[in-house]
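Dumped work.pdb below, it's PDB, C-alpha atoms:
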```
ATOM      1  CA  MET A   1       0.000   0.000   0.000  1.00  0.00           C
ATOM      2  CA  ASN A   2       1.328   3.461  -0.862  1.00  0.00           C
ATOM      3  CA  LEU A   3       1.192   6.311   1.674  1.00  0.00           C
ATOM      4  CA  GLU A   4       1.718  10.035   1.122  1.00  0.00           C
ATOM      5  CA  ILE A   5       1.581  12.627   3.913  1.00  0.00           C
ATOM      6  CA  LEU A   6       1.341  16.180   2.587  1.00  0.00           C
ATOM      7  CA  THR A   7       1.236  19.655   4.148  1.00  0.00           C
ATOM      8  CA  PRO A   8       0.641  22.921   2.254  1.00  0.00           C
ATOM      9  CA  GLU A   9       4.426  23.480   2.294  1.00  0.00           C
ATOM     10  CA  LYS A  10       5.889  20.072   1.443  1.00  0.00           C
ATOM     11  CA  LYS A  11       5.653  16.290   1.234  1.00  0.00           C
ATOM     12  CA  ILE A  12       6.404  14.842   4.687  1.00  0.00           C
ATOM     13  CA  TYR A  13       6.386  11.135   3.815  1.00  0.00           C
ATOM     14  CA  SER A  14       6.019   8.985   0.722  1.00  0.00           C
ATOM     15  CA  GLY A  15       6.494   5.241   0.351  1.00  0.00           C
ATOM     16  CA  ASP A  16       5.110   1.734   0.509  1.00  0.00           C
ATOM     17  CA  VAL A  17       3.869   0.735   3.967  1.00  0.00           C
ATOM     18  CA  TYR A  18       2.127  -2.133   5.742  1.00  0.00           C
ATOM     19  CA  GLY A  19      -0.429   0.127   7.438  1.00  0.00           C
ATOM     20  CA  VAL A  20      -1.126   3.470   9.056  1.00  0.00           C
ATOM     21  CA  GLN A  21      -2.866   4.470  12.316  1.00  0.00           C
ATOM     22  CA  MET A  22      -4.559   7.880  12.295  1.00  0.00           C
ATOM     23  CA  PRO A  23      -6.412  10.101  14.799  1.00  0.00           C
ATOM     24  CA  GLY A  24      -9.894  10.453  13.265  1.00  0.00           C
ATOM     25  CA  ILE A  25     -12.293  13.021  14.683  1.00  0.00           C
ATOM     26  CA  SER A  26     -14.504  10.180  15.981  1.00  0.00           C
ATOM     27  CA  GLY A  27     -11.573   8.114  17.263  1.00  0.00           C
ATOM     28  CA  SER A  28      -8.371   6.505  16.103  1.00  0.00           C
ATOM     29  CA  PHE A  29      -8.473   4.046  13.216  1.00  0.00           C
ATOM     30  CA  GLU A  30      -6.082   1.876  11.234  1.00  0.00           C
ATOM     31  CA  VAL A  31      -5.832   1.287   7.494  1.00  0.00           C
ATOM     32  CA  LEU A  32      -4.197  -1.857   6.129  1.00  0.00           C
ATOM     33  CA  GLU A  33      -3.628  -3.305   2.654  1.00  0.00           C
ATOM     34  CA  ARG A  34      -6.718  -3.356   0.361  1.00  0.00           C
ATOM     35  CA  HIS A  35      -8.869  -1.263   2.728  1.00  0.00           C
ATOM     36  CA  ALA A  36     -12.260  -0.161   1.417  1.00  0.00           C
ATOM     37  CA  PRO A  37     -12.434   3.380  -0.036  1.00  0.00           C
ATOM     38  CA  LEU A  38     -12.682   5.961   2.742  1.00  0.00           C
ATOM     39  CA  VAL A  39     -12.510   9.697   3.383  1.00  0.00           C
ATOM     40  CA  SER A  40     -12.094  10.869   6.981  1.00  0.00           C
ATOM     41  CA  ALA A  41     -11.447  14.105   8.822  1.00  0.00           C
ATOM     42  CA  LEU A  42      -8.458  13.963  11.158  1.00  0.00           C
ATOM     43  CA  LYS A  43      -7.903  15.767  14.453  1.00  0.00           C
ATOM     44  CA  ALA A  44      -4.579  16.836  15.913  1.00  0.00           C
ATOM     45  CA  GLY A  45      -2.691  13.872  17.315  1.00  0.00           C
ATOM     46  CA  ARG A  46      -0.207  11.109  16.609  1.00  0.00           C
ATOM     47  CA  LEU A  47      -0.084   9.403  13.213  1.00  0.00           C
ATOM     48  CA  LYS A  48       1.796   6.083  13.199  1.00  0.00           C
ATOM     49  CA  VAL A  49       3.208   4.596   9.990  1.00  0.00           C
ATOM     50  CA  LEU A  50       3.633   0.805  10.115  1.00  0.00           C
ATOM     51  CA  LYS A  51       6.472   0.278   7.659  1.00  0.00           C
ATOM     52  CA  ASN A  52       6.341  -3.549   7.753  1.00  0.00           C
ATOM     53  CA  LYS A  53       5.033  -6.528   9.725  1.00  0.00           C
ATOM     54  CA  GLN A  54       8.111  -6.440  12.010  1.00  0.00           C
ATOM     55  CA  ASN A  55       6.765  -3.375  13.852  1.00  0.00           C
ATOM     56  CA  ASP A  56       9.179  -0.876  12.266  1.00  0.00           C
ATOM     57  CA  THR A  57       7.369   2.437  12.672  1.00  0.00           C
ATOM     58  CA  VAL A  58       7.666   6.135  11.934  1.00  0.00           C
ATOM     59  CA  GLN A  59       5.527   8.570  13.931  1.00  0.00           C
ATOM     60  CA  PHE A  60       4.341  12.104  13.281  1.00  0.00           C
ATOM     61  CA  ASP A  61       2.474  14.636  15.397  1.00  0.00           C
ATOM     62  CA  ILE A  62      -0.097  16.127  13.031  1.00  0.00           C
ATOM     63  CA  GLN A  63      -2.471  19.045  13.058  1.00  0.00           C
ATOM     64  CA  GLY A  64      -5.988  18.594  11.701  1.00  0.00           C
ATOM     65  CA  GLY A  65      -6.630  17.494   8.138  1.00  0.00           C
ATOM     66  CA  PHE A  66      -8.116  14.754   5.980  1.00  0.00           C
ATOM     67  CA  ALA A  67      -7.253  11.228   4.842  1.00  0.00           C
ATOM     68  CA  GLU A  68      -8.363   9.510   1.647  1.00  0.00           C
ATOM     69  CA  VAL A  69      -8.058   5.767   1.010  1.00  0.00           C
ATOM     70  CA  LEU A  70      -8.579   4.685  -2.604  1.00  0.00           C
ATOM     71  CA  ASN A  71      -7.135   1.877  -4.750  1.00  0.00           C
ATOM     72  CA  ASN A  72      -4.623   0.711  -2.121  1.00  0.00           C
ATOM     73  CA  ARG A  73      -3.278   4.265  -1.784  1.00  0.00           C
ATOM     74  CA  VAL A  74      -3.573   6.483   1.314  1.00  0.00           C
ATOM     75  CA  THR A  75      -3.253  10.256   0.955  1.00  0.00           C
ATOM     76  CA  VAL A  76      -3.089  12.296   4.159  1.00  0.00           C
ATOM     77  CA  LEU A  77      -3.492  16.083   3.847  1.00  0.00           C
ATOM     78  CA  VAL A  78      -2.705  17.967   7.065  1.00  0.00           C
ATOM     79  CA  GLU A  79      -2.129  21.560   8.134  1.00  0.00           C
ATOM     80  CA  GLY A  80       1.209  20.656   9.684  1.00  0.00           C
ATOM     81  CA  ALA A  81       3.278  17.676  10.816  1.00  0.00           C
ATOM     82  CA  SER A  82       6.481  17.033  12.700  1.00  0.00           C
ATOM     83  CA  SER A  83       8.465  13.813  12.987  1.00  0.00           C
ATOM     84  CA  VAL A  84       8.558  12.168  16.410  1.00  0.00           C
ATOM     85  CA  GLU A  85      11.743  10.431  17.578  1.00  0.00           C
ATOM     86  CA  ILE A  86      10.967   7.181  19.410  1.00  0.00           C
TER      87      ILE A  86
END
```

Please render this file's structure as structure tokens.
Amino acid sequence: MNLEILTPEKKIYSGDVYGVQMPGISGSFEVLERHAPLVSALKAGRLKVLKNKQNDTVQFDIQGGFAEVLNNRVTVLVEGASSVEI
């Protein structure tokens, strides 16, 4: 599955991933390979990129935005994001 995280200024992340956990406005949710089409509003919080099945992750603190899942591709549009060192 391909993931892109974009802000108005730049592309924060782009690549193939196993899954992604996002802070939806109604609660956190996770998207994995071949997820049904979806559009969701996101609230400020922690976005977790699952790079593979071995629990390699990258995390970002995001401001509000939107996520679209379509054709095994996830596009996350946010007002701002910063990488979190774990």

For A:Gln59, the closest of A:Ala41, A:Met22, A:Leu77, A:Leu47 counting all atoms listed in the file is A:Leu47

Note to self: Here is a test: counting only C-alpha atoms, which residue of A:Leu38, A:Ser26, A:Arg73, A:Ala81 is nearest to A:Tyr13?
What the structure shows: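 Among the listed residues, A:Ala81 lies closest to A:Tyr13.
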
Expected selection from the PyMOL selection byres ((chain A and resi 39) around 6), given as a ChimeraX atom specification: /A:38,40,67-68

query: Could you name the residues that touch A:Asn2 at 7 Å or less, counting all atoms listed in the file, but leaving out those on the same chain fewer than 6 positions away, as a ChimeraX atom specification?
result: /A:15-17,72-74

(message) Starting from the PyMOL selection byres ((chain A and resi 36) around 10), expand the selection into actual residues of this file and give them as a ChimeraX atom specification.
(response) /A:31-35,37-38,69-72

Now that the selection is made, can you save its residues with C-alpha atoms as a short mmCIF file (atom, residue, chain, number, x, y, z; two decimals), in the frame of the given file?
```cif
data_model
loop_
_atom_site.label_atom_id
_atom_site.label_comp_id
_atom_site.auth_asym_id
_atom_site.auth_seq_id
_atom_site.Cartn_x
_atom_site.Cartn_y
_atom_site.Cartn_z
CA VAL A 31 -5.83 1.29 7.49
CA LEU A 32 -4.20 -1.86 6.13
CA GLU A 33 -3.63 -3.30 2.65
CA ARG A 34 -6.72 -3.36 0.36
CA HIS A 35 -8.87 -1.26 2.73
CA PRO A 37 -12.43 3.38 -0.04
CA LEU A 38 -12.68 5.96 2.74
CA VAL A 69 -8.06 5.77 1.01
CA LEU A 70 -8.58 4.68 -2.60
CA ASN A 71 -7.14 1.88 -4.75
CA ASN A 72 -4.62 0.71 -2.12
#
```

*From the set A:Ile86, A:Gly19, A:Phe29, A:Thr75, which residue has the shortest atom-to-atom contact distance to A:Gln54, counting all atoms listed in the file?*
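Closest candidate: A:Gly19.
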
task = Excluding A:Tyr18 and residues on its chain fewer than 4 positions from it, collect all residues at most 8 Å away from it, counting only C-alpha atoms, and give them as a PyMOL selection string.
result = chain A and resi 1+32-33+50-53

Note to self: Can you translate the PyMOL selection byres ((chain A and resi 65) around 10) into the concrete residues it hits in this file, as a list in words?
What the structure shows: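 Taken over the shown coordinates, the PyMOL selection byres ((chain A and resi 65) around 10) returns Leu6, Thr7, Pro23, Gly24, Ile25, Ser40, Ala41, Leu42, Lys43, Ala44, Ile62, Gln63, Gly64, Phe66, Ala67, Val76, Leu77, Val78, Glu79 and Gly80 of chain A.
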
Please report, as AutoDock Vina command-line options, the centre and edge lengths in Å to one decimal of an axis-aligned box covering all listed atoms of stretch 2-15 of chain A with 4 Å per side.
```
--center_x 3.6 --center_y 13.5 --center_z 1.9 --size_x 13.9 --size_y 28.0 --size_z 13.5
```

- prompt: So, counting only C-alpha atoms, which residue among A:Asn55, A:Arg46, A:Glu30, A:Ser82 is closest to A:Lys11?
  reply: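 Among the listed residues, A:Ser82 lies closest to A:Lys11.
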
How far is it from atom CA of A:Val58 to atom CA of A:Val20, in Å with one decimal?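 Atom-to-atom, atom CA of A:Val58 to atom CA of A:Val20, that is 9.6 Å.
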
Taken to one decimal, the atom CA of A:Gly45-atom CA of A:Asp61 distance is 5.6 Å

message: When you count all atoms listed in the file, which of these residues is closest to A:Phe60: A:Ser28, A:Gln21, A:Ser14, A:Ser83?
response: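 Result for the nearest residue to A:Phe60: A:Ser83.
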